[in-house]
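These notes concern the structure reproduced below.
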Amino acid sequence: MSQKPAALNLDNIQGDILSGLPKKTQTYFFFQITDVKLFKIQLSRFIPQIETTSQVLKDRKAIKDHKKKGNKTLLKIVGVNIAFSHKGFVMLNIDDTTLTSTEPSFKQGQQQTAQKLGDKGAGNPFVPDWEPEFLQDIHAVILISGDSHTTVDEKLDEVKKNFGIGGNQQNPASIKEVTTIRGDVRPGEESGHEHFGFLDGISNPAVIGFDKNPNPGPKPVRAGVLVTGHDGDPNTSPRPTWAVDGSYLTFRYLFQQVPEFNKFLADNPVPLPGLTPKEGSELLGARLVGRWKSGAPIDLSPFQDDPELAQDPQRVNNFRFQAEGTFQKICPFAAHVRKTNPRADLEDFHNLSIENRRIARRGVQFGPELTNDEIASNKTAHARGLLFVCYSTSIEQGFAFIQESWANAASFPPQASQAGVSAGLDPIIGQGNRTMVGTDPNTPTANLSFPDFVIPRGGEFFFSPSIQGLKEMSATA
């Protein structure tokens with residue numbers, strides 16, 4: 001068994017966990033293992049291709065230097081990571097008790113926990129209404145990020161060849177593809193924005209011992225919140241060496257109803273004096289999310305967008321909902337940003353730490369921009385949404401808790417009951433009876449009902465081992 005290491009070994013931690021693989025496009029290759037012995041041989045050959053955190057930092061510096069020189073073209077960059085489900089570890093005859101003993105969601109798999117998460121479905125036993133590929137067993141995922149489709153496709157072909165896909169008797173396959181999904185950063189001015197139009201990925205946790213001089217905002221978290229075997233890891237028992245320096249990866253295939261969302265905003269503008277209907281609709285969107293589309297938080301700019309604030313890294317995350325202890329004129333209790341990172345609602349008013357609830361969000365958008373027909377009809381005709389990925393050292397305390405006990409809980413945050421109201425669900429990702437209060441700051445107790453804007457259509461829980469862990473896995477009999 002390993003003792004908790006004193007410092008982060010950035011050469012041992014896969015690159016997407018702490019820094020995120022640089023990307024304009026990203027492909028997720030989900031597969032089943034069909035030949036265990038052969039797979040371990042091929043895995044040992046594959047390990048040198050995996051991008052570590054050290055390599056990601058070098059890539060980010062190279063990108064920065066490339067831009068400083070005035071280059072307008074993208075630097076050719078590609079990064080590869082891998083993660084395994086519990087079923088994958090079982091298939092490989094690897095005892096992952098250290099990963100499952102405190103994480104029943106990981107052991108059961110996401111299909112078995114989808115009903116708890118609020119996903120729609122039917123039957124006994126319950127079958128979620130997912131894409132058919134995600135109703136199959138998935139043993140592992142390889143994610144490939146890069147500057148272009150050409151770069152990523154070349155690397156994907158190389159990865160497939162390594163594992164024998166499309167090979168011959170001299171190089172047989174050890175895996176079988178389940179599905180491959182491509183996501184892309186949105187083009188032009190929408191880069192960095194999700195499909196509803198809001199700037200995304202603004203408030204990932206700063207990590208003590210990794211992030212230097214973090215900007216003002218939520219408290220930095222101990223490394224063990226995101227990386228196993230370090231201070232803050234909720235599993236207090238020493239982990240075996242192969243399970244240190246890893247992280248649980250949650251993947252969710254989330255479809256977004258963008259024309260319907262836009263129509264809902266247009267039909268329900270906030271009726272504040274002096275606002276045009278368009279401005280009232282923009283305010284409604286901001287109050288559902290907790291930020292304006294620019295990224296400016298409504299806690300600091302409650303009734304009009306402030307793009308300058310959104311561009312200021314010293315201010316854009318430096319808010320805590322401190323002024324809204326028992327009222328929601330500034331920010332609704334159920335706003336997405338408040339539901340998923342409640343800040344003062346728990347830390348100040350209830351003296352509760354939320355460090356163990358923090359997750360590092362990665363992922364990327366998928367699907368095309370809206371077509372003219374979709375805009376005219378206000379109906380979704382093409383699949384688009386978010387390939388949601390997050391990392392943490394506990395699914396139960398992180399992603400699952402946020403979804404089940406915060407986003408899907410009408411009584412959260414607790415300040416709402418003190419104000420004599422039920423906050424309602426997170427209007428973006430909340431699953432269940434989709435209503436909330438607080439959208440109109442002048443009538444904060446009025447309920448507003450809304451349809452599903454985000455529809456889960458698949459997912460799985462994985463563990464992303466360290467480089468040393470992968471070497472030990474490939475060496476086992």
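Chain labels follow the order of the structure tokens: the first chain is A, the next B, and so on; residue numbering restarts at 1 in every chain, and ligands are counted from 1 in their shown order.
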Inset, instruction - Skip region 126-135 of chain A itself and residues of its chain fewer than 5 positions away, then list as an NGL selection string all residues within 7 Å of it, counting only C-alpha atoms. - result: :A and (111 or 114 or 119-121 or 178-179 or 457-459)
task = May I have the residues within 8 Å of Lys471 (chain A) as a list in words, using only C-alpha atoms and disregarding those fewer than 3 positions away in the same chain?
result =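 Selected residues are Ser44, Ile47, Ile467, Gln468, Ser474 and Ala475 of chain A.
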Can you work out which one of A:Gly438, A:Pro172, A:Pro240, A:Gly432 has the shortest atom-to-atom distance to Glu472 (chain A), counting only C-alpha atoms?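 That would be A:Pro240, the residue with the smallest distance to Glu472 (chain A).
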query: If we count only C-alpha atoms, what is near Ile77 (chain A) at a cut-off of 12 Å, once residues fewer than 6 positions away on the same chain are taken out, given as an MDAnalysis selection string?
result: chainID A and resid 21:26 51 55:56 58:63 66 144:152 154:155
Residues of region 257-305 of chain A at most 12 Å from region 339-350 of chain A: nearest atom pair and distance in Å, only C-alpha atoms, as JSON lines:
```
{"residue": "A:Leu288", "atom": "CA", "partner": "A:Lys339", "partner_atom": "CA", "distance": 10.5}
{"residue": "A:Val289", "atom": "CA", "partner": "A:Lys339", "partner_atom": "CA", "distance": 9.5}
{"residue": "A:Gly290", "atom": "CA", "partner": "A:Lys339", "partner_atom": "CA", "distance": 9.3}
{"residue": "A:Asp299", "atom": "CA", "partner": "A:Arg343", "partner_atom": "CA", "distance": 11.7}
```
Exercise for review: Output as a VMD selection string all residues of region 292-387 of chain A that backbone DSSP marks as helix (DSSP H, G or I).
Suggested key: chain A and resid 307 to 310 322 to 324 336 to 340 344 to 347 355 to 357 372 to 377
Those same residues, written as a CSV table (one decimal), in the first residue's frame with N, CA and C atoms?
```
chain,number,residue,atom,x,y,z
A,307,PRO,N,-19.9,43.2,-19.9
A,307,PRO,CA,-18.9,42.4,-20.6
A,307,PRO,C,-17.5,42.8,-20.1
A,308,GLU,N,-17.3,44.0,-19.6
A,308,GLU,CA,-15.9,44.3,-19.1
A,308,GLU,C,-15.6,43.5,-17.8
A,309,LEU,N,-16.7,43.4,-17.0
A,309,LEU,CA,-16.5,42.5,-15.8
A,309,LEU,C,-16.2,41.1,-16.2
A,310,ALA,N,-16.9,40.6,-17.2
A,310,ALA,CA,-16.7,39.2,-17.7
A,310,ALA,C,-15.3,39.0,-18.1
A,322,GLN,N,-23.3,36.5,-0.8
A,322,GLN,CA,-23.4,36.9,0.6
A,322,GLN,C,-24.6,37.8,0.9
A,323,ALA,N,-25.0,38.6,-0.1
A,323,ALA,CA,-26.1,39.6,0.2
A,323,ALA,C,-27.5,38.9,0.1
A,324,GLU,N,-27.5,37.7,-0.3
A,324,GLU,CA,-28.8,37.0,-0.6
A,324,GLU,C,-29.1,35.9,0.4
A,336,HIS,N,-28.6,28.1,-11.9
A,336,HIS,CA,-27.7,27.0,-12.1
A,336,HIS,C,-26.3,27.2,-11.4
A,337,VAL,N,-25.7,28.4,-11.5
A,337,VAL,CA,-24.5,28.6,-10.9
A,337,VAL,C,-24.6,28.6,-9.3
A,338,ARG,N,-25.7,29.0,-8.8
A,338,ARG,CA,-25.9,28.9,-7.3
A,338,ARG,C,-26.1,27.5,-6.8
A,339,LYS,N,-26.9,26.8,-7.6
A,339,LYS,CA,-27.2,25.4,-7.2
A,339,LYS,C,-26.0,24.5,-7.2
A,340,THR,N,-25.1,24.7,-8.2
A,340,THR,CA,-24.0,23.8,-8.4
A,340,THR,C,-22.7,24.2,-7.6
A,344,ALA,N,-21.5,31.0,-0.3
A,344,ALA,CA,-21.9,31.5,1.0
A,344,ALA,C,-23.1,30.8,1.6
A,345,ASP,N,-24.0,30.3,0.7
A,345,ASP,CA,-25.2,29.6,1.1
A,345,ASP,C,-24.9,28.5,2.1
A,346,LEU,N,-23.8,27.8,2.0
A,346,LEU,CA,-23.4,26.8,2.9
A,346,LEU,C,-22.2,27.2,3.7
A,347,GLU,N,-21.2,27.8,3.1
A,347,GLU,CA,-19.9,28.1,3.8
A,347,GLU,C,-20.1,29.2,4.8
A,355,GLU,N,-15.7,22.0,-0.1
A,355,GLU,CA,-14.5,21.5,-0.8
A,355,GLU,C,-14.7,20.2,-1.4
A,356,ASN,N,-15.3,19.2,-0.7
A,356,ASN,CA,-15.4,17.9,-1.2
A,356,ASN,C,-16.5,17.8,-2.3
A,357,ARG,N,-17.2,18.8,-2.6
A,357,ARG,CA,-18.2,18.8,-3.7
A,357,ARG,C,-17.6,19.4,-5.0
A,372,ASN,N,-31.1,27.8,-40.1
A,372,ASN,CA,-32.1,28.8,-40.3
A,372,ASN,C,-33.5,28.1,-40.1
A,373,ASP,N,-33.7,26.9,-40.5
A,373,ASP,CA,-34.9,26.2,-40.3
A,373,ASP,C,-35.2,26.0,-38.8
A,374,GLU,N,-34.2,25.6,-38.0
A,374,GLU,CA,-34.4,25.5,-36.6
A,374,GLU,C,-34.8,26.8,-35.9
A,375,ILE,N,-34.1,27.9,-36.4
A,375,ILE,CA,-34.4,29.2,-35.8
A,375,ILE,C,-35.8,29.6,-36.1
A,376,ALA,N,-36.3,29.3,-37.4
A,376,ALA,CA,-37.6,29.7,-37.8
A,376,ALA,C,-38.7,28.9,-37.1
A,377,SER,N,-38.4,27.6,-36.9
A,377,SER,CA,-39.5,26.7,-36.4
A,377,SER,C,-39.4,26.6,-34.9
```
From a DSSP pass on the backbone, collect the residues of region 187-228 of chain A flagged as strand (DSSP E or B) and hand them back as a list in words.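 So the strand (DSSP E or B) residues in region 187-228 of chain A would be His193, Leu199, Val207 and Val221 of chain A.
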Pairwise distance, CA of Gly88 (chain A) with CA of Gln32 (chain A), equals 7.6 Å
Taken to one decimal, the CA of Asp95 (chain A)-CA of Lys116 (chain A) distance is 26.3 Å
Among A:Gly20, A:Asp157, A:Ala360, A:Thr476, Pro205 (chain A) is approached most closely, using only C-alpha atoms, by A:Ala360
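The coordinates place CA of Trp292 (chain A) at 27.8 Å from CA of Lys212 (chain A).
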### Message
Env of Phe461 (chain A): 6 Å cut, atoms = only C-alpha atoms, seq-sep filter 5 positions within chain, self excluded. Answer as a ChimeraX atom specification.
### Response
/A:85,106,110,249-250
- Query: Hey, what's within 7 Å of Phe333 (chain A) if we count only C-alpha atoms and toss same-chain stuff fewer than 2 positions away? As a ChimeraX atom specification, please?
  - Reply: /A:328,331,335,338,413,416,423
Residues within 8 Å of Phe264 (chain A), please, as an mmCIF file with N, CA and C atoms, in the first residue's frame. Count only C-alpha atoms; anything in the same chain fewer than 4 positions from it doesn't count.
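The result, written out as around-v2.cif:
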```cif
data_model
loop_
_atom_site.group_PDB
_atom_site.id
_atom_site.type_symbol
_atom_site.label_atom_id
_atom_site.label_comp_id
_atom_site.auth_asym_id
_atom_site.auth_seq_id
_atom_site.Cartn_x
_atom_site.Cartn_y
_atom_site.Cartn_z
ATOM 1 N N GLU A 260 -35.745 25.512 -28.534
ATOM 2 C CA GLU A 260 -36.818 25.553 -27.532
ATOM 3 C C GLU A 260 -36.436 26.446 -26.347
ATOM 4 N N ASN A 268 -41.115 34.479 -22.251
ATOM 5 C CA ASN A 268 -41.240 34.765 -20.815
ATOM 6 C C ASN A 268 -40.266 35.848 -20.359
ATOM 7 N N PHE A 450 -40.908 25.076 -16.562
ATOM 8 C CA PHE A 450 -40.163 25.055 -17.814
ATOM 9 C C PHE A 450 -39.977 23.625 -18.276
#
```
